[in-house]
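> Supplied structure: structure17.txt, compact mmCIF, C-alpha atoms and all ligand atoms.
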```txt
# COMPACT_ATOMS: atom_id res chain seq x y z
CA MET A 1 11.57 178.65 19.17
CA LEU A 2 8.00 180.04 19.49
CA SER A 3 4.90 177.87 19.00
CA VAL A 4 1.51 179.56 18.61
CA TYR A 5 -1.81 178.13 19.82
CA ASP A 6 -5.42 179.10 20.57
CA VAL A 7 -5.50 177.15 23.84
CA ILE A 8 -2.52 176.13 25.96
CA ILE A 9 -3.19 173.56 28.65
CA VAL A 10 -0.51 173.44 31.33
CA GLY A 11 -0.42 170.04 33.07
CA ALA A 12 -1.39 166.61 31.74
CA GLY A 13 -2.94 165.04 34.84
CA PRO A 14 -6.62 164.02 34.70
CA GLY A 15 -7.74 167.69 34.59
CA GLY A 16 -5.46 168.71 31.71
CA SER A 17 -6.01 165.53 29.71
CA ALA A 18 -9.79 165.81 30.16
CA ALA A 19 -9.62 169.41 28.89
CA ALA A 20 -7.46 168.35 25.92
CA LEU A 21 -9.73 165.43 24.99
CA SER A 22 -12.76 167.74 25.24
CA LEU A 23 -11.07 170.09 22.74
CA ALA A 24 -9.87 167.35 20.40
CA HIS A 25 -12.54 167.96 17.75
CA SER A 26 -13.03 171.70 18.31
CA GLY A 27 -10.89 172.76 15.35
CA LEU A 28 -8.81 174.92 17.71
CA ARG A 29 -5.02 174.77 17.84
CA VAL A 30 -4.37 173.16 21.22
CA ALA A 31 -1.14 172.38 23.10
CA LEU A 32 -0.94 170.14 26.17
CA ILE A 33 2.28 170.78 28.09
CA ASP A 34 3.70 168.84 31.04
CA LYS A 35 6.99 169.07 32.86
CA ALA A 36 7.12 165.28 33.27
CA ILE A 37 7.95 162.53 30.81
CA PHE A 38 5.15 159.96 30.81
CA PRO A 39 4.48 157.47 32.30
CA ARG A 40 5.00 159.45 35.51
CA ASP A 41 3.69 158.82 39.01
CA LYS A 42 1.46 161.12 41.07
CA VAL A 43 1.08 160.60 44.81
CA CYS A 44 -2.59 159.68 45.21
CA GLY A 45 -5.00 157.09 46.66
CA ASP A 46 -5.76 156.02 43.06
CA PHE A 47 -9.53 155.74 43.60
CA ILE A 48 -11.65 157.14 40.75
CA ALA A 49 -15.27 157.74 41.71
CA GLY A 50 -18.05 156.44 39.46
CA HIS A 51 -19.13 159.91 38.40
CA GLY A 52 -15.61 160.69 37.16
CA ILE A 53 -15.68 157.52 35.06
CA ARG A 54 -19.04 158.55 33.56
CA VAL A 55 -17.76 162.01 32.62
CA LEU A 56 -14.60 160.51 31.12
CA ARG A 57 -16.75 158.21 28.98
CA GLU A 58 -18.74 161.22 27.71
CA ILE A 59 -15.56 163.16 26.88
CA SER A 60 -13.75 160.28 25.23
CA PRO A 61 -15.30 156.82 24.70
CA ASN A 62 -11.85 155.62 23.55
CA ALA A 63 -10.15 156.68 26.78
CA TYR A 64 -12.90 154.87 28.68
CA ILE A 65 -12.25 151.70 26.63
CA ARG A 66 -8.52 151.98 27.36
CA LEU A 67 -9.39 152.12 31.06
CA ILE A 68 -11.83 149.19 30.92
CA ASN A 69 -9.28 147.06 29.06
CA PHE A 70 -6.40 147.93 31.35
CA PRO A 71 -5.74 144.76 33.36
CA GLN A 72 -3.94 146.03 36.48
CA LYS A 73 -6.77 147.72 38.39
CA ALA A 74 -9.56 146.96 40.86
CA GLU A 75 -13.25 147.47 40.15
CA ASN A 76 -14.79 148.77 43.36
CA LYS A 77 -18.23 147.68 44.42
CA SER A 78 -18.17 148.66 48.07
CA THR A 79 -16.43 150.54 50.88
CA LEU A 80 -15.69 148.92 54.23
CA LEU A 81 -15.80 151.58 56.93
CA PHE A 82 -13.97 150.76 60.16
CA ILE A 83 -14.81 153.25 62.93
CA GLY A 84 -12.77 152.80 66.10
CA ASN A 85 -12.76 149.13 66.98
CA THR A 86 -16.36 148.44 66.01
CA LYS A 87 -17.37 145.90 63.36
CA PRO A 88 -16.88 147.43 59.88
CA MET A 89 -19.93 148.65 57.95
CA GLU A 90 -20.04 147.82 54.27
CA PHE A 91 -21.56 150.28 51.79
CA PHE A 92 -22.36 149.06 48.28
CA TRP A 93 -22.20 151.46 45.31
CA LYS A 94 -24.38 151.51 42.19
CA ASN A 95 -21.88 153.22 39.90
CA LYS A 96 -18.74 151.51 38.69
CA SER A 97 -15.62 153.00 40.20
CA TYR A 98 -12.01 151.91 39.87
CA THR A 99 -8.74 151.96 41.73
CA ILE A 100 -5.85 152.13 39.30
CA ARG A 101 -2.31 153.34 39.89
CA ARG A 102 -2.00 156.94 38.75
CA VAL A 103 1.16 156.10 36.83
CA ASP A 104 -1.09 153.92 34.63
CA PHE A 105 -4.29 155.98 34.61
CA ASP A 106 -2.63 159.29 33.69
CA ASN A 107 -0.54 157.53 31.06
CA LEU A 108 -3.53 155.96 29.36
CA LEU A 109 -5.24 159.37 29.18
CA VAL A 110 -2.11 160.91 27.67
CA GLU A 111 -1.84 158.02 25.18
CA GLU A 112 -5.39 158.80 24.08
CA VAL A 113 -4.53 162.51 23.68
CA VAL A 114 -1.57 161.54 21.47
CA ALA A 115 -3.73 159.11 19.47
CA THR A 116 -6.29 161.83 18.60
CA LYS A 117 -3.53 163.60 16.58
CA ASN A 118 -5.33 166.98 16.90
CA ILE A 119 -3.49 168.05 20.05
CA ASP A 120 0.22 168.84 20.23
CA PHE A 121 1.61 167.17 23.33
CA TYR A 122 4.82 168.51 24.90
CA PRO A 123 6.14 166.27 27.69
CA GLY A 124 9.32 167.32 29.49
CA HIS A 125 8.42 171.05 29.26
CA ALA A 126 8.27 172.81 32.65
CA ILE A 127 6.52 176.20 32.43
CA LYS A 128 8.48 178.79 34.41
CA GLN A 129 7.19 182.21 33.40
CA ILE A 130 3.88 183.48 32.04
CA LYS A 131 3.78 186.98 30.54
CA ARG A 132 0.91 188.95 29.03
CA VAL A 133 1.59 190.15 25.48
CA GLY A 134 -1.35 192.27 24.29
CA ARG A 135 -4.45 190.06 24.50
CA ASP A 136 -2.34 186.88 24.53
CA PHE A 137 0.12 185.09 26.77
CA GLU A 138 3.73 184.11 26.30
CA LEU A 139 4.86 181.08 28.28
CA SER A 140 8.51 180.24 28.71
CA CYS A 141 9.83 176.83 29.63
CA GLN A 142 12.87 175.83 31.61
CA ASN A 143 14.34 174.29 28.42
CA GLY A 144 14.07 177.59 26.49
CA GLN A 145 10.99 176.68 24.43
CA MET A 146 8.39 179.50 24.17
CA PHE A 147 4.65 179.23 23.59
CA ASN A 148 2.16 181.89 22.59
CA GLY A 149 -1.56 181.40 23.22
CA HIS A 150 -4.85 183.26 23.45
CA LEU A 151 -6.13 181.28 26.37
CA ILE A 152 -4.52 179.22 29.14
CA ILE A 153 -6.10 176.33 31.01
CA GLY A 154 -4.07 175.88 34.21
CA ALA A 155 -4.19 172.17 35.10
CA ASP A 156 -0.79 172.00 36.76
CA GLY A 157 -1.88 170.62 40.09
CA ALA A 158 -1.49 171.62 43.73
CA HIS A 159 1.75 173.58 43.10
CA SER A 160 0.34 175.35 40.05
CA VAL A 161 2.53 177.97 38.42
CA VAL A 162 -0.48 179.28 36.50
CA ALA A 163 -2.56 179.76 39.70
CA ARG A 164 0.35 181.54 41.42
CA GLN A 165 1.37 183.79 38.55
CA LEU A 166 -2.07 184.65 37.12
CA ALA A 167 -4.55 184.30 40.03
CA GLY A 168 -2.13 185.29 42.84
CA TYR A 169 -2.78 181.98 44.59
CA SER A 170 -0.86 180.99 47.71
CA VAL A 171 -1.39 177.98 49.99
CA ASP A 172 -4.00 178.58 52.70
CA ARG A 173 -3.42 176.06 55.53
CA GLU A 174 -7.03 176.53 56.69
CA HIS A 175 -8.12 174.97 53.41
CA TYR A 176 -5.43 172.39 52.82
CA GLY A 177 -4.61 168.79 53.70
CA GLY A 178 -1.46 166.72 54.04
CA SER A 179 -1.20 163.10 53.04
CA VAL A 180 1.23 160.20 52.63
CA ARG A 181 0.83 156.94 50.77
CA ALA A 182 2.74 153.79 49.83
CA TYR A 183 2.13 150.62 47.85
CA PHE A 184 2.28 147.22 49.52
CA LYS A 185 2.26 143.80 47.92
CA GLY A 186 1.48 140.47 49.55
CA VAL A 187 -1.50 142.05 51.38
CA LYS A 188 -3.78 139.48 53.05
CA ASN A 189 -7.52 139.38 53.85
CA ILE A 190 -8.57 141.95 51.25
CA ARG A 191 -11.12 141.89 48.44
CA ALA A 192 -10.24 143.73 45.24
CA SER A 193 -13.83 144.98 45.05
CA ALA A 194 -13.82 146.58 48.52
CA ASN A 195 -11.96 149.75 49.49
CA GLU A 196 -11.21 150.08 53.18
CA VAL A 197 -11.45 153.30 55.19
CA TYR A 198 -10.37 153.56 58.84
CA VAL A 199 -11.65 156.34 61.10
CA HIS A 200 -9.86 156.30 64.45
CA LYS A 201 -8.85 158.76 67.17
CA ASP A 202 -5.22 158.53 65.99
CA VAL A 203 -6.02 159.63 62.43
CA VAL A 204 -8.82 162.22 62.78
CA PRO A 205 -9.48 164.85 61.47
CA GLY A 206 -8.75 162.62 58.49
CA TYR A 207 -8.62 158.92 57.79
CA PHE A 208 -6.43 155.97 56.95
CA TRP A 209 -7.13 154.01 53.77
CA LEU A 210 -6.28 150.67 52.24
CA PHE A 211 -7.34 150.55 48.60
CA PRO A 212 -6.68 147.30 46.69
CA VAL A 213 -5.15 147.95 43.24
CA GLY A 214 -5.37 144.43 41.84
CA ASP A 215 -3.74 141.07 42.69
CA ASP A 216 -2.56 141.19 46.30
CA SER A 217 -1.37 144.81 46.10
CA ALA A 218 -2.84 147.86 47.80
CA ASN A 219 -2.43 151.61 47.96
CA VAL A 220 -2.23 152.47 51.66
CA GLY A 221 -2.21 155.97 53.09
CA ILE A 222 -3.24 158.53 55.65
CA GLY A 223 -4.55 162.05 55.16
CA MET A 224 -5.25 164.85 57.66
CA HIS A 225 -6.27 168.47 57.73
CA SER A 226 -3.20 170.77 57.63
CA ARG A 227 -4.51 172.91 60.49
CA HIS A 228 -4.35 169.84 62.77
CA ILE A 229 -0.97 168.71 61.42
CA THR A 230 0.55 172.12 62.13
CA LYS A 231 -1.15 172.69 65.52
CA HIS A 232 -0.24 169.25 66.89
CA LYS A 233 3.08 168.93 65.01
CA VAL A 234 1.93 165.60 63.55
CA ASP A 235 4.63 163.59 61.80
CA LEU A 236 2.41 161.90 59.19
CA LYS A 237 5.02 159.34 58.16
CA ALA A 238 5.57 158.19 61.76
CA ARG A 239 1.79 158.21 62.36
CA PHE A 240 1.31 156.01 59.29
CA TYR A 241 3.68 153.28 60.52
CA ASP A 242 2.50 153.53 64.16
CA PHE A 243 -1.13 153.16 63.14
CA ILE A 244 -0.39 149.99 61.16
CA GLU A 245 1.74 148.64 63.99
CA GLN A 246 -0.93 149.19 66.66
CA ASN A 247 -4.04 148.17 64.73
CA PRO A 248 -4.69 144.40 64.89
CA VAL A 249 -6.94 144.43 61.79
CA LEU A 250 -4.22 146.15 59.75
CA GLN A 251 -1.60 143.83 61.19
CA SER A 252 -3.57 140.86 59.85
CA LYS A 253 -3.49 142.44 56.38
CA LEU A 254 -0.17 144.27 56.23
CA GLY A 255 1.88 142.47 58.89
CA GLU A 256 3.67 140.31 56.35
CA ALA A 257 3.21 142.53 53.29
CA GLN A 258 6.19 144.14 51.53
CA LEU A 259 6.53 147.86 50.97
CA GLU A 260 6.98 148.67 47.27
CA GLY A 261 9.10 151.78 46.73
CA SER A 262 8.81 154.41 49.47
CA LEU A 263 6.22 156.26 51.54
CA GLN A 264 5.57 159.57 49.76
CA GLY A 265 3.69 162.71 50.67
CA PHE A 266 1.81 165.43 48.78
CA GLY A 267 -0.60 168.31 49.52
CA LEU A 268 -4.36 168.56 48.95
CA PRO A 269 -5.86 172.02 48.27
CA PHE A 270 -9.43 171.74 49.59
CA TYR A 271 -12.50 173.25 48.00
CA SER A 272 -13.71 174.61 51.35
CA LYS A 273 -13.43 178.23 50.25
CA GLU A 274 -14.36 179.92 46.97
CA PHE A 275 -11.06 180.51 45.19
CA LYS A 276 -10.67 182.70 42.12
CA ILE A 277 -10.40 180.22 39.27
CA HIS A 278 -10.67 182.41 36.18
CA GLY A 279 -9.47 185.78 34.93
CA ASP A 280 -8.48 187.57 31.73
CA GLY A 281 -7.50 184.77 29.36
CA TYR A 282 -7.19 181.91 31.84
CA MET A 283 -9.14 179.26 33.72
CA LEU A 284 -7.90 176.89 36.44
CA VAL A 285 -9.06 173.28 36.74
CA GLY A 286 -8.59 170.39 39.19
CA ASP A 287 -6.04 170.88 41.98
CA ALA A 288 -4.80 174.13 40.41
CA ALA A 289 -8.32 175.43 41.20
CA SER A 290 -8.28 173.79 44.69
CA LEU A 291 -11.09 171.46 43.67
CA ILE A 292 -10.60 168.69 46.25
CA ASP A 293 -13.45 167.39 48.38
CA PRO A 294 -12.56 168.45 51.97
CA SER A 295 -14.30 165.43 53.51
CA ASN A 296 -12.56 162.60 51.66
CA GLY A 297 -9.71 164.05 49.59
CA GLU A 298 -11.23 163.09 46.25
CA GLY A 299 -10.13 165.30 43.39
CA ILE A 300 -9.81 163.16 40.27
CA MET A 301 -13.51 163.31 39.43
CA LEU A 302 -13.58 167.09 39.98
CA ALA A 303 -10.44 167.50 37.87
CA ILE A 304 -11.96 165.55 34.96
CA GLN A 305 -15.27 167.39 35.14
CA SER A 306 -13.76 170.87 35.58
CA GLY A 307 -11.40 170.12 32.66
CA LYS A 308 -14.43 169.41 30.49
CA MET A 309 -16.25 172.55 31.72
CA ALA A 310 -13.22 174.78 31.06
CA ALA A 311 -12.84 173.34 27.55
CA GLU A 312 -16.50 174.06 26.77
CA GLN A 313 -16.10 177.64 27.98
CA ALA A 314 -12.89 178.04 25.95
CA ILE A 315 -14.70 177.00 22.75
CA LYS A 316 -17.48 179.56 23.38
CA ALA A 317 -15.01 182.36 24.23
CA LEU A 318 -12.82 181.80 21.17
CA LYS A 319 -15.84 181.59 18.87
CA GLN A 320 -16.91 185.04 20.14
CA ASP A 321 -13.33 186.32 19.88
CA ASN A 322 -13.59 187.36 23.52
CA TRP A 323 -11.56 185.66 26.25
CA SER A 324 -11.74 188.45 28.81
CA GLU A 325 -12.41 187.81 32.51
CA ALA A 326 -16.11 188.60 31.98
CA ALA A 327 -16.36 186.21 29.02
CA LEU A 328 -14.87 183.37 31.09
CA ALA A 329 -16.94 184.11 34.23
CA PRO A 330 -19.62 181.50 33.35
CA TYR A 331 -16.96 178.81 33.94
CA GLN A 332 -16.46 179.85 37.58
CA LYS A 333 -20.25 180.16 38.01
CA ALA A 334 -20.82 176.66 36.61
CA VAL A 335 -18.16 175.13 38.89
CA ASN A 336 -19.61 176.84 41.96
CA LYS A 337 -23.14 175.88 40.99
CA ARG A 338 -22.15 172.25 40.54
CA TRP A 339 -20.20 171.80 43.82
CA TRP A 340 -20.01 174.74 46.17
CA LYS A 341 -23.06 174.01 48.37
CA GLU A 342 -22.06 170.35 48.72
CA MET A 343 -18.42 171.15 49.52
CA ARG A 344 -19.33 173.89 52.00
CA ALA A 345 -21.61 171.46 53.85
CA LYS A 346 -18.89 168.78 53.88
CA ALA A 347 -16.29 171.25 55.15
CA TRP A 348 -18.66 172.27 57.93
CA MET A 349 -19.17 168.62 58.86
CA VAL A 350 -15.41 168.02 58.97
CA ASN A 351 -14.91 171.08 61.21
CA VAL A 352 -17.67 170.09 63.61
CA PHE A 353 -17.33 166.31 63.84
CA ALA A 354 -14.08 165.08 62.41
CA HIS A 355 -11.97 165.54 65.54
CA ARG A 356 -14.76 164.49 67.97
CA TYR A 357 -13.85 160.87 67.84
CA ARG A 358 -16.25 159.82 70.63
CA VAL A 359 -19.20 161.08 68.55
CA LEU A 360 -17.80 159.24 65.53
CA TYR A 361 -17.39 156.03 67.55
CA ALA A 362 -21.01 156.32 68.71
CA VAL A 363 -22.06 156.73 65.07
CA GLY A 364 -20.02 153.61 64.21
CA TRP A 365 -21.71 151.58 66.95
CA LEU A 366 -25.22 152.87 66.11
CA GLY A 367 -24.62 152.43 62.36
CA ASN A 368 -24.11 148.74 62.95
CA GLN A 369 -27.57 148.54 64.56
CA SER A 370 -29.54 150.88 62.31
CA PRO A 371 -30.02 150.50 58.51
CA THR A 372 -31.52 154.03 58.42
CA LEU A 373 -28.35 155.51 59.90
CA ARG A 374 -26.25 153.45 57.45
CA ARG A 375 -28.25 154.86 54.52
CA TRP A 376 -27.70 158.37 55.87
CA LEU A 377 -23.97 157.74 56.27
CA GLN A 378 -23.76 156.42 52.70
CA LYS A 379 -25.25 159.68 51.41
CA LEU A 380 -22.51 161.62 53.20
CA MET A 381 -19.67 159.52 51.76
C1 LIG B 401 -2.00 161.23 49.04
C2 LIG B 401 -3.15 161.66 48.17
C3 LIG B 401 -4.20 160.77 47.97
C4 LIG B 401 -5.25 161.11 47.11
N1 LIG B 401 -6.21 160.17 46.84
C5 LIG B 401 -7.20 160.43 45.95
C6 LIG B 401 -8.12 159.42 45.57
O1 LIG B 401 -8.04 158.25 45.98
N2 LIG B 401 -9.11 159.76 44.70
C7 LIG B 401 -9.22 161.02 44.19
O2 LIG B 401 -10.16 161.28 43.44
N3 LIG B 401 -8.31 161.98 44.50
C8 LIG B 401 -7.30 161.72 45.35
N4 LIG B 401 -6.35 162.68 45.62
C9 LIG B 401 -6.40 163.96 44.91
C10 LIG B 401 -5.90 163.78 43.46
O3 LIG B 401 -4.61 163.22 43.46
C11 LIG B 401 -5.90 165.12 42.73
O4 LIG B 401 -7.10 165.79 42.99
C12 LIG B 401 -5.72 164.95 41.22
O5 LIG B 401 -4.46 164.44 40.91
C13 LIG B 401 -5.92 166.30 40.51
O6 LIG B 401 -5.61 166.16 39.14
P1 LIG B 401 -5.03 167.40 38.33
O7 LIG B 401 -5.04 166.99 36.90
O8 LIG B 401 -5.72 168.65 38.72
O9 LIG B 401 -3.53 167.59 38.86
P2 LIG B 401 -2.30 166.57 38.86
O10 LIG B 401 -2.77 165.20 38.79
O11 LIG B 401 -1.45 166.98 40.01
O12 LIG B 401 -1.53 166.88 37.50
C14 LIG B 401 -0.82 168.08 37.35
C15 LIG B 401 0.17 167.92 36.21
O13 LIG B 401 0.80 169.18 35.99
C16 LIG B 401 2.17 168.98 35.73
N5 LIG B 401 2.87 170.23 36.08
C17 LIG B 401 3.04 170.75 37.30
N6 LIG B 401 3.72 171.90 37.23
C18 LIG B 401 4.01 172.12 35.93
C19 LIG B 401 4.71 173.11 35.21
N7 LIG B 401 5.28 174.16 35.84
N8 LIG B 401 4.81 173.01 33.86
C20 LIG B 401 4.26 171.94 33.21
N9 LIG B 401 3.60 170.95 33.85
C21 LIG B 401 3.47 171.04 35.18
C22 LIG B 401 2.55 167.79 36.61
O14 LIG B 401 3.72 167.13 36.13
C23 LIG B 401 1.31 166.92 36.51
O15 LIG B 401 1.40 165.98 35.47
C24 LIG B 401 -5.29 162.38 46.49
C25 LIG B 401 -4.24 163.30 46.71
C26 LIG B 401 -3.18 162.94 47.54
C27 LIG B 401 -2.06 163.91 47.75
```
Just give me the structure of the file as structure tokens.
Ligand SMILES: Cc1cc2nc3c(=O)[nH]c(=O)nc-3n(C[C@H](O)[C@H](O)[C@H](O)COP(=O)(O)OP(=O)(O)OC[C@H]3O[C@@H](n4cnc5c(N)ncnc54)[C@H](O)[C@@H]3O)c2cc1C


Amino acid sequence: MLSVYDVIIVGAGPGGSAAALSLAHSGLRVALIDKAIFPRDKVCGDFIAGHGIRVLREISPNAYIRLINFPQKAENKSTLLFIGNTKPMEFFWKNKSYTIRRVDFDNLLVEEVVATKNIDFYPGHAIKQIKRVGRDFELSCQNGQMFNGHLIIGADGAHSVVARQLAGYSVDREHYGGSVRAYFKGVKNIRASANEVYVHKDVVPGYFWLFPVGDDSANVGIGMHSRHITKHKVDLKARFYDFIEQNPVLQSKLGEAQLEGSLQGFGLPFYSKEFKIHGDGYMLVGDAASLIDPSNGEGIMLAIQSGKMAAEQAIKALKQDNWSEAALAPYQKAVNKRWWKEMRAKAWMVNVFAHRYRVLYAVGWLGNQSPTLRRWLQKLM
């Protein structure tokens, strides 16, 4: 069976759903395709930065209301930063941000897509092959279903088929991170409003996190640069358990907590190099476009915003009946303009400082004495 669309969005994570919701009232024929059946989990820290929430609200006030009304989440007001064994510094944030399990967040976005009725949603459809047919694309699924579309938005995450087949993408370990995370319940001495970040010689270049997700549960994980993992043959899973075991602060919180499910890992394609994220008839968004902040691993906000930007460019291109590489180039320009300078500076900072733990410890000690240094640190976070 062949289904024909103007825009085909591959992947219904935050990037794909944001693109779909941005196209909901465009009058275009839009399909949102995902290999998973929802609700489905995604290995993540589950923290959604305030700016991502603001953009989501602009794209879809209803999706925002679904999020606000969803009970099982934590509203974050501050970050507690533990550097070495110094007293933690607390940074308070103006914008509302949330920590919500991705199984819930992604599902509520998809529910909103389905409720708009203007988008055809195809869960359980894994795209295997993308072929050019004249000016259009033909996409074939593992289950035999075929799709035909003018334009593709690749939102299929870190292992994107669209990025590989259309943009020739392959993993670059110099611009990649590895990460593991697990849920714990029965966690003690935490505040739902405060996310906890641990910078320590055993976890740099990277960090350990403990993000409350409501009640006495928390998302707990560790992330590191792939270059370091490969060079030092780091076993992230073992490092995760050892770090908890040897850290007295974490022992007081997690010592008697119960692991829910298992410890799971996933990759993070960092935006520390300018990747090709558009071409004839396609644009990449979110992780498929390697849009993850190299300093902290955040990608949900960038996925939502790039999804919106790609949708806006798709509307313009289809109105002009021109979806060539040149016609879609403003999308890549807009993404680079919005983030590239910031991400390049953060990547530089990670390269220079992140493994010099003595410098970081000195910053932790001085930060506790100096409000000016704390303000400066807050700007970098
Ligand atoms: C351990 C870890 C912790 C993280 N913590 C945070 C955090 O706290 N905050 C933050 O902002 N970011 C965090 N990130 C990054 C964040 O998870 C990603 O940036 C975000 O999920 C990107 O969203 P996306 O929509 O681009 O891709 P995804 O969320 O990966 O969604 C991609 C979708 O595409 C579908 N798909 C894949 N292949 C196909 C196919 N062939 N056909 C059809 N569908 C397909 C998948 O099923 C999936 O639903 C973390 C990442 C990791 C690994």

> Neighbouring residues of A:Ser170 were defined as those with any atom within 12 Å, considering all atoms listed in the file; residues of the same chain fewer than 4 positions away were excluded. Please report them as a PDB file with C-alpha atoms, in the frame of the given file.


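Listed below is the output, part04.pdb:
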```pdb
ATOM      1  CA  ALA A 158      -1.490 171.620  43.730  1.00  0.00           C
ATOM      2  CA  HIS A 159       1.750 173.580  43.100  1.00  0.00           C
ATOM      3  CA  SER A 160       0.340 175.350  40.050  1.00  0.00           C
ATOM      4  CA  VAL A 161       2.530 177.970  38.420  1.00  0.00           C
ATOM      5  CA  VAL A 162      -0.480 179.280  36.500  1.00  0.00           C
ATOM      6  CA  ALA A 163      -2.560 179.760  39.700  1.00  0.00           C
ATOM      7  CA  ARG A 164       0.350 181.540  41.420  1.00  0.00           C
ATOM      8  CA  GLN A 165       1.370 183.790  38.550  1.00  0.00           C
ATOM      9  CA  LEU A 166      -2.070 184.650  37.120  1.00  0.00           C
ATOM     10  CA  GLU A 174      -7.030 176.530  56.690  1.00  0.00           C
ATOM     11  CA  HIS A 175      -8.120 174.970  53.410  1.00  0.00           C
ATOM     12  CA  TYR A 176      -5.430 172.390  52.820  1.00  0.00           C
ATOM     13  CA  PRO A 269      -5.860 172.020  48.270  1.00  0.00           C
ATOM     14  CA  PHE A 275     -11.060 180.510  45.190  1.00  0.00           C
ATOM     15  CA  LYS A 276     -10.670 182.700  42.120  1.00  0.00           C
ATOM     16  CA  ALA A 288      -4.800 174.130  40.410  1.00  0.00           C
ATOM     17  CA  ALA A 289      -8.320 175.430  41.200  1.00  0.00           C
ATOM     18  CA  SER A 290      -8.280 173.790  44.690  1.00  0.00           C
TER      19      SER A 290
END
```

> At most 6 Å is the cut-off: for each residue in chain A with any atom that close to an atom of ligand LIG 401 (chain B), write down the nearest atom pair and the distance in Å rounded to one decimal, counting all atoms listed in the file, chain first then increasing number, as CSV.


```
residue,atom,partner,partner_atom,distance
A:Val10,CA,B:LIG401,C20,5.3
A:Gly11,CA,B:LIG401,O13,3.3
A:Ala12,CA,B:LIG401,O15,4.7
A:Gly13,CA,B:LIG401,O12,3.5
A:Pro14,CA,B:LIG401,O7,4.0
A:Gly15,CA,B:LIG401,O7,3.6
A:Gly16,CA,B:LIG401,O7,5.5
A:Ile33,CA,B:LIG401,C20,5.6
A:Asp34,CA,B:LIG401,N9,3.5
A:Lys35,CA,B:LIG401,C20,4.0
A:Ala36,CA,B:LIG401,O14,4.8
A:Val43,CA,B:LIG401,C1,5.3
A:Cys44,CA,B:LIG401,C3,3.4
A:Gly45,CA,B:LIG401,N1,3.3
A:Asp46,CA,B:LIG401,O1,4.3
A:Phe47,CA,B:LIG401,O1,3.8
A:Ile48,CA,B:LIG401,O2,5.2
A:His125,CA,B:LIG401,C20,5.8
A:Ala126,CA,B:LIG401,N8,3.7
A:Ile127,CA,B:LIG401,N8,3.9
A:Lys128,CA,B:LIG401,N7,5.8
A:Ala155,CA,B:LIG401,O8,5.3
A:Asp156,CA,B:LIG401,O13,3.3
A:Gly157,CA,B:LIG401,O9,3.7
A:Ala158,CA,B:LIG401,O11,5.9
A:Ser160,CA,B:LIG401,N6,5.6
A:Val161,CA,B:LIG401,N7,5.4
A:Ser179,CA,B:LIG401,C1,4.5
A:Val180,CA,B:LIG401,C1,4.9
A:Arg181,CA,B:LIG401,C1,5.4
A:Phe266,CA,B:LIG401,C27,4.3
A:Gly267,CA,B:LIG401,C27,5.0
A:Leu268,CA,B:LIG401,C27,5.3
A:Gly286,CA,B:LIG401,O8,3.4
A:Asp287,CA,B:LIG401,O8,4.0
A:Ala288,CA,B:LIG401,O8,5.8
A:Ile292,CA,B:LIG401,O4,5.6
A:Gly297,CA,B:LIG401,N4,5.4
A:Glu298,CA,B:LIG401,O2,3.5
A:Gly299,CA,B:LIG401,O4,3.1
A:Ile300,CA,B:LIG401,O2,3.7
A:Met301,CA,B:LIG401,O2,5.6
A:Ala303,CA,B:LIG401,O8,4.9
```

> Return the single residue from A:Arg173, A:Arg374, A:Arg191, A:Arg54 that is closest to A:Asp215, with distances computed using all atoms listed in the file.

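For A:Asp215, the nearest of the given residues is A:Arg191.
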
> Enter the distance from atom CA of A:Trp209 to atom CA of A:Thr86, in Å, rounded to one decimal.

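Computing it gives 16.3 Å between the two atoms.
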
> Could you jot down the atom CA of A:Lys185 to atom CA of A:Pro212 separation for me, Å, one decimal place?

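One can read the atom CA of A:Lys185 to atom CA of A:Pro212 distance as 9.7 Å.
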
> For A:Ala257, which residue among A:Gln320, A:Val213, A:Tyr183, A:Tyr282 is the nearest when counting only C-alpha atoms?

A:Tyr183

> Counting all atoms listed in the file, find the residues whose atoms lie at most 12 Å from (-0.6, 146.5, 62.0) (file coordinates) and write them out as a VMD selection string.

chain A and resid 187 to 188 239 to 257

> So that I have them on file, write out the residues from the current selection with C-alpha atoms, as a compact mmCIF listing (two decimals), keeping the file's coordinate frame.


```txt
# COMPACT_ATOMS: atom_id res chain seq x y z
CA VAL A 187 -1.50 142.05 51.38
CA LYS A 188 -3.78 139.48 53.05
CA ARG A 239 1.79 158.21 62.36
CA PHE A 240 1.31 156.01 59.29
CA TYR A 241 3.68 153.28 60.52
CA ASP A 242 2.50 153.53 64.16
CA PHE A 243 -1.13 153.16 63.14
CA ILE A 244 -0.39 149.99 61.16
CA GLU A 245 1.74 148.64 63.99
CA GLN A 246 -0.93 149.19 66.66
CA ASN A 247 -4.04 148.17 64.73
CA PRO A 248 -4.69 144.40 64.89
CA VAL A 249 -6.94 144.43 61.79
CA LEU A 250 -4.22 146.15 59.75
CA GLN A 251 -1.60 143.83 61.19
CA SER A 252 -3.57 140.86 59.85
CA LYS A 253 -3.49 142.44 56.38
CA LEU A 254 -0.17 144.27 56.23
CA GLY A 255 1.88 142.47 58.89
CA GLU A 256 3.67 140.31 56.35
CA ALA A 257 3.21 142.53 53.29
```
